[in-house]
file query-v4.cif (mmCIF, C-alpha atoms and all ligand atoms)
data_structure
loop_
_atom_site.label_atom_id
_atom_site.label_comp_id
_atom_site.auth_asym_id
_atom_site.auth_seq_id
_atom_site.Cartn_x
_atom_site.Cartn_y
_atom_site.Cartn_z
CA MET U 12 0.00 0.00 0.00
CA LYS U 13 1.28 3.44 -0.98
CA PHE U 14 0.27 6.73 0.62
CA ILE U 15 0.16 10.43 0.05
CA ALA U 16 -0.11 12.54 3.19
CA ASP U 17 -1.46 16.08 3.12
CA ARG U 18 0.32 19.11 4.61
CA MET U 19 -1.13 18.56 8.09
CA LEU U 20 0.52 15.16 8.40
CA GLY U 21 4.28 15.68 8.04
CA LYS U 22 5.25 13.67 11.10
CA LEU U 23 3.01 10.80 10.10
CA ALA U 24 4.57 10.74 6.61
CA LYS U 25 8.05 10.32 8.12
CA GLU U 26 6.88 7.61 10.46
CA LEU U 27 5.29 5.69 7.62
CA ARG U 28 8.59 5.87 5.71
CA MET U 29 10.36 4.61 8.80
CA LEU U 30 8.03 1.61 8.72
CA GLY U 31 8.93 1.10 5.06
CA TYR U 32 5.76 2.49 3.45
CA ASP U 33 6.14 4.45 0.24
CA THR U 34 4.70 7.81 1.35
CA VAL U 35 4.66 11.10 -0.52
CA TYR U 36 4.31 14.23 1.60
CA TYR U 37 2.22 16.82 -0.22
CA ARG U 38 2.95 20.33 1.04
CA GLY U 39 0.57 22.21 -1.26
CA GLU U 40 -2.71 23.73 -0.18
CA ASN U 41 -4.67 22.80 -3.25
CA ALA U 42 -6.62 19.58 -3.11
CA TYR U 43 -6.76 18.94 -6.84
CA PRO U 44 -3.05 18.14 -7.47
CA LEU U 45 -3.16 15.93 -4.39
CA ILE U 46 -6.03 13.88 -5.76
CA LYS U 47 -4.50 13.81 -9.25
CA LEU U 48 -1.18 12.47 -7.96
CA ALA U 49 -2.94 9.91 -5.80
CA ARG U 50 -4.86 8.65 -8.85
CA GLU U 51 -1.82 8.56 -11.11
CA GLU U 52 0.31 6.65 -8.63
CA GLY U 53 -2.41 4.56 -6.96
CA ARG U 54 -1.87 6.13 -3.54
CA VAL U 55 -4.20 6.23 -0.57
CA ILE U 56 -4.76 9.82 0.56
CA LEU U 57 -4.23 10.56 4.24
CA THR U 58 -5.84 13.80 5.38
CA ARG U 59 -7.15 15.64 8.42
CA SER U 60 -9.56 17.59 6.26
CA THR U 61 -13.30 16.95 6.28
CA GLN U 62 -13.62 18.64 2.87
CA LEU U 63 -11.78 16.02 0.89
CA THR U 64 -14.20 13.37 -0.35
CA PRO U 65 -13.86 10.67 -3.01
CA ARG U 66 -15.14 11.75 -6.41
CA ARG U 67 -14.35 8.64 -8.37
CA PRO U 68 -14.55 4.97 -7.40
CA GLU U 69 -10.75 4.69 -7.44
CA ASP U 70 -10.26 7.50 -4.93
CA ARG U 71 -9.20 6.12 -1.57
CA ILE U 72 -9.21 8.67 1.21
CA VAL U 73 -8.49 7.96 4.85
CA ARG U 74 -9.42 10.72 7.24
CA ILE U 75 -7.20 10.82 10.28
CA MET U 76 -9.35 11.58 13.32
CA GLU U 77 -6.52 11.91 15.83
CA ASP U 78 -5.41 15.47 16.44
CA LYS U 79 -2.05 14.71 18.10
CA PRO U 80 0.75 13.77 15.66
CA SER U 81 2.17 11.39 18.27
CA ARG U 82 -1.03 9.32 18.15
CA GLN U 83 -1.75 9.28 14.43
CA LEU U 84 0.43 6.30 13.57
CA ARG U 85 -1.24 4.34 16.33
CA GLU U 86 -4.62 5.26 14.86
CA LEU U 87 -3.66 3.79 11.47
CA ILE U 88 -2.53 0.58 13.13
CA GLN U 89 -5.62 0.31 15.29
CA ARG U 90 -7.87 0.83 12.28
CA LYS U 91 -5.89 -1.92 10.52
CA ILE U 92 -4.95 0.35 7.64
CA ILE U 93 -1.30 -0.48 8.12
CA SER U 94 0.54 -3.24 9.90
CA LEU U 95 3.96 -3.24 11.49
CA HIS U 96 4.96 -6.38 9.63
CA GLU U 97 4.09 -5.56 6.05
CA GLU U 98 7.18 -3.67 4.89
CA PRO U 99 10.86 -3.87 5.88
CA LEU U 100 11.64 -1.37 8.66
CA PHE U 101 14.22 1.36 8.02
CA SER U 102 14.47 0.56 4.31
CA ARG U 103 13.65 4.07 3.09
CA CYS U 104 15.17 7.55 3.36
CA LEU U 105 13.03 9.48 5.85
CA LEU U 106 13.51 12.69 3.87
CA CYS U 107 13.26 11.50 0.25
CA ASN U 108 11.01 8.44 0.54
CA ILE U 109 13.49 6.47 -1.58
CA LEU U 110 14.75 2.95 -0.95
CA LEU U 111 18.23 2.94 0.57
CA ASN U 112 21.17 1.08 -0.95
CA GLU U 113 23.54 -0.89 1.21
CA ILE U 114 27.09 0.38 0.80
CA PRO U 115 30.47 -1.18 1.60
CA ARG U 116 31.57 -0.14 5.08
CA GLU U 117 34.67 1.72 3.87
CA GLU U 118 32.50 4.11 1.85
CA ALA U 119 31.05 5.46 5.06
CA GLU U 120 34.46 6.34 6.50
CA GLY U 121 34.83 10.10 6.97
CA LYS U 122 31.16 10.65 6.16
CA VAL U 123 29.84 9.59 9.54
CA PRO U 124 31.25 10.45 12.98
CA ASP U 125 34.32 8.30 13.74
CA PHE U 126 32.82 6.60 16.76
CA ILE U 127 29.84 5.56 14.65
CA PHE U 128 32.13 4.20 11.96
CA TYR U 129 34.04 2.07 14.48
CA GLN U 130 30.87 0.92 16.22
CA GLN U 131 28.79 -0.04 13.23
CA ARG U 132 29.22 -2.78 10.64
CA GLU U 133 26.49 -1.95 8.16
CA PHE U 134 25.68 1.28 6.38
CA SER U 135 23.25 2.28 3.69
CA ARG U 136 22.86 5.42 1.63
CA CYS U 137 20.03 7.32 0.03
CA PRO U 138 20.63 7.48 -3.74
CA GLN U 139 19.01 10.91 -3.87
CA CYS U 140 20.29 13.00 -0.93
CA SER U 141 23.35 10.77 -0.15
CA ARG U 142 22.48 10.75 3.52
CA ILE U 143 24.03 7.73 5.24
CA TYR U 144 22.00 5.56 7.58
CA TRP U 145 23.07 2.97 10.12
CA GLN U 146 21.51 1.04 12.96
CA GLY U 147 22.32 3.96 15.21
CA SER U 148 20.85 5.90 18.07
CA HIS U 149 18.03 7.57 16.16
CA GLN U 150 16.91 4.18 14.97
CA ASP U 151 17.14 2.74 18.46
CA HIS U 152 14.83 5.50 19.58
CA MET U 153 12.39 4.70 16.78
CA LYS U 154 12.68 0.99 17.44
CA ARG U 155 11.57 1.61 21.01
CA GLU U 156 8.58 3.53 19.70
CA ILE U 157 7.71 0.67 17.37
CA ASP U 158 8.09 -1.92 20.12
CA GLU U 159 5.74 0.13 22.26
CA LEU U 160 3.22 0.27 19.43
CA ARG U 161 3.55 -3.47 18.92
CA THR U 162 2.71 -4.18 22.55
CA SER U 163 0.02 -1.57 22.95
CA THR U 164 -1.90 -2.32 19.74
CA LYS U 165 -2.06 -6.09 20.19
ZN ZN C 201 17.33 10.94 0.94
#

call {"tool": "encode", "arguments": {"input": "query-v4.cif", "output": "structure tokens"}}
result
Amino acid sequence: MKFIADRMLGKLAKELRMLGYDTVYYRGENAYPLIKLAREEGRVILTRSTQLTPRRPEDRIVRIMEDKPSRQLRELIQRKIISLHEEPLFSRCLLCNILLNEIPREEAEGKVPDFIFYQQREFSRCPQCSRIYWQGSHQDHMKREIDELRTSTK
């Protein structure tokens, strides 16, 4: 399942990417390009707006009821729209929504802090922004969040 999140849902878009879901973040204010892109790419629209309603049978719109960004991911899980086991975790760039490539360890040398380089064995890179990812502290933090979701949404 692929998503497009509207401008109100920036945090949710990042979290979905973290879970491996292909998620476009649409910053515009106009609803039409949002719907058009969703149709063209077969994406489910995520919105907080009550105005946005399906106009064609292929339009899939999920209205997020939860006001707090910290609870919106949980809402999607509880409503069974997404699952924590469907896509590989941490496989996508959180900024670009692109699948990461694994890189040889030596390519990360000098591009990540030294202590990270010596601590970590595996690195991957975003082909678009060249940001390097590893199983590091920010991921540990997110992993804890995911573990909490796993236990609390059972
Ligand atoms: Zn990137």

call {"tool": "residues_near_ligand", "arguments": {"input": "query-v4.cif", "ligand": "ligand ZN 201 (chain C)", "cutoff": "6 Å", "atoms": "all atoms listed in the file", "output": "list in words"}}
result
Cys104, Leu106, Cys107, Cys137, Gln139, Cys140 and Arg142 of chain U

call {"tool": "write_last_selection", "arguments": {"input": "query-v4.cif", "atoms": "C-alpha atoms", "output": "compact mmCIF listing (two decimals), in the frame of the given file"}}
result
# COMPACT_ATOMS: atom_id res chain seq x y z
CA CYS U 104 15.17 7.55 3.36
CA LEU U 106 13.51 12.69 3.87
CA CYS U 107 13.26 11.50 0.25
CA CYS U 137 20.03 7.32 0.03
CA GLN U 139 19.01 10.91 -3.87
CA CYS U 140 20.29 13.00 -0.93
CA ARG U 142 22.48 10.75 3.52

call {"tool": "closest_residue", "arguments": {"input": "query-v4.cif", "among": "U:Ile15, U:Ala42, U:Leu48, U:Leu23", "to": "Thr61 in chain U", "atoms": "all atoms listed in the file"}}
result
U:Ala42

call {"tool": "atom_distance", "arguments": {"input": "query-v4.cif", "atom1": "CA of Leu160 in chain U", "atom2": "CA of Asn108 in chain U"}}
result
22.0 Å

call {"tool": "residues_around", "arguments": {"input": "query-v4.cif", "residues": "Asp17 in chain U", "least_positions_apart": "2", "cutoff": "9 Å", "atoms": "only C-alpha atoms", "output": "list in words"}}
result
Ile15, Met19, Leu20, Gly21, Ala24, Val35, Tyr36, Tyr37, Arg38, Gly39, Glu40, Ala42, Leu45, Ile56, Leu57, Thr58, Arg59 and Ser60 of chain U

call {"tool": "residues_around", "arguments": {"input": "query-v4.cif", "residues": "Leu110 in chain U", "least_positions_apart": "2", "cutoff": "12 Å", "atoms": "only C-alpha atoms", "output": "list in words"}}
result
Arg28, Met29, Leu30, Gly31, Tyr32, Asp33, Thr34, Glu98, Pro99, Leu100, Phe101, Ser102, Arg103, Cys104, Leu105, Leu106, Cys107, Asn108, Asn112, Glu113, Ser135, Arg136, Cys137, Pro138, Gln139, Cys140, Ser141, Arg142 and Tyr144 of chain U

call {"tool": "atom_distance", "arguments": {"input": "query-v4.cif", "atom1": "CA of Lys91 in chain U", "atom2": "CA of Lys154 in chain U"}}
result
20.0 Å

call {"tool": "closest_residue", "arguments": {"input": "query-v4.cif", "among": "U:Glu86, U:Asp151, U:Glu118, U:Glu133", "to": "Ser163 in chain U", "atoms": "all atoms listed in the file"}}
result
U:Glu86

call {"tool": "closest_residue", "arguments": {"input": "query-v4.cif", "among": "U:Lys79, U:Lys47, U:Arg71, U:Arg132", "to": "Lys22 in chain U", "atoms": "all atoms listed in the file"}}
result
U:Lys79

call {"tool": "closest_residue", "arguments": {"input": "query-v4.cif", "among": "U:Lys122, U:Arg116, U:His152, U:Lys13", "to": "Gly53 in chain U", "atoms": "only C-alpha atoms"}}
result
U:Lys13

call {"tool": "atom_distance", "arguments": {"input": "query-v4.cif", "atom1": "CA of Met12 in chain U", "atom2": "CA of His96 in chain U"}}
result
12.6 Å

call {"tool": "closest_residue", "arguments": {"input": "query-v4.cif", "among": "U:Ala16, U:Ile157, U:Ile75, U:Ile92", "to": "Ala49 in chain U", "atoms": "only C-alpha atoms"}}
result
U:Ala16

call {"tool": "residues_around", "arguments": {"input": "query-v4.cif", "residues": "Ile127 in chain U", "least_positions_apart": "3", "cutoff": "12 Å", "atoms": "all atoms listed in the file", "output": "VMD selection string"}}
result
chain U and resid 116 119 to 124 130 to 134 143 to 148

call {"tool": "residues_near_point", "arguments": {"input": "query-v4.cif", "point": "(-11.1, 5.1, -3.3)", "cutoff": "10 Å", "atoms": "only C-alpha atoms", "output": "NGL selection string"}}
result
:U and (49-50 or 53-56 or 64-73)

call {"tool": "residues_around", "arguments": {"input": "query-v4.cif", "residues": "Ser94 in chain U", "least_positions_apart": "5", "cutoff": "10 Å", "atoms": "all atoms listed in the file", "output": "number ranges by chain"}}
result
U: 30, 87-89, 161

call {"tool": "decode", "arguments": {"input": "query-v4.cif", "residues": "range 111-127 of chain U", "atoms": "N, CA and C atoms", "output": "short mmCIF file (atom, residue, chain, number, x, y, z; two decimals), in the first residue's frame"}}
result
data_model
loop_
_atom_site.label_atom_id
_atom_site.label_comp_id
_atom_site.auth_asym_id
_atom_site.auth_seq_id
_atom_site.Cartn_x
_atom_site.Cartn_y
_atom_site.Cartn_z
N LEU U 111 16.79 2.77 0.32
CA LEU U 111 18.23 2.94 0.57
C LEU U 111 19.02 1.80 -0.08
N ASN U 112 20.26 2.10 -0.45
CA ASN U 112 21.17 1.08 -0.95
C ASN U 112 22.18 0.75 0.14
N GLU U 113 22.45 -0.52 0.31
CA GLU U 113 23.54 -0.89 1.21
C GLU U 113 24.85 -0.48 0.55
N ILE U 114 25.79 0.00 1.36
CA ILE U 114 27.09 0.38 0.80
C ILE U 114 28.19 -0.37 1.55
N PRO U 115 29.34 -0.58 0.89
CA PRO U 115 30.47 -1.18 1.60
C PRO U 115 30.87 -0.28 2.77
N ARG U 116 31.29 -0.89 3.86
CA ARG U 116 31.57 -0.14 5.08
C ARG U 116 32.58 0.98 4.84
N GLU U 117 33.61 0.70 4.04
CA GLU U 117 34.67 1.72 3.87
C GLU U 117 34.15 3.00 3.21
N GLU U 118 33.05 2.90 2.47
CA GLU U 118 32.50 4.11 1.85
C GLU U 118 31.90 5.09 2.85
N ALA U 119 31.63 4.58 4.03
CA ALA U 119 31.05 5.46 5.06
C ALA U 119 32.14 6.20 5.84
N GLU U 120 33.37 5.75 5.72
CA GLU U 120 34.46 6.34 6.50
C GLU U 120 34.61 7.83 6.15
N GLY U 121 34.69 8.66 7.19
CA GLY U 121 34.83 10.10 6.97
C GLY U 121 33.51 10.81 6.71
N LYS U 122 32.47 10.03 6.44
CA LYS U 122 31.16 10.65 6.16
C LYS U 122 30.22 10.51 7.34
N VAL U 123 30.61 9.70 8.29
CA VAL U 123 29.84 9.59 9.54
C VAL U 123 30.82 9.87 10.68
N PRO U 124 30.32 10.23 11.86
CA PRO U 124 31.25 10.45 12.98
C PRO U 124 32.11 9.20 13.20
N ASP U 125 33.38 9.41 13.57
CA ASP U 125 34.32 8.30 13.74
C ASP U 125 33.81 7.21 14.67
N PHE U 126 33.24 7.63 15.80
CA PHE U 126 32.82 6.60 16.76
C PHE U 126 31.70 5.73 16.17
N ILE U 127 30.89 6.33 15.34
CA ILE U 127 29.84 5.56 14.65
C ILE U 127 30.49 4.56 13.68
#
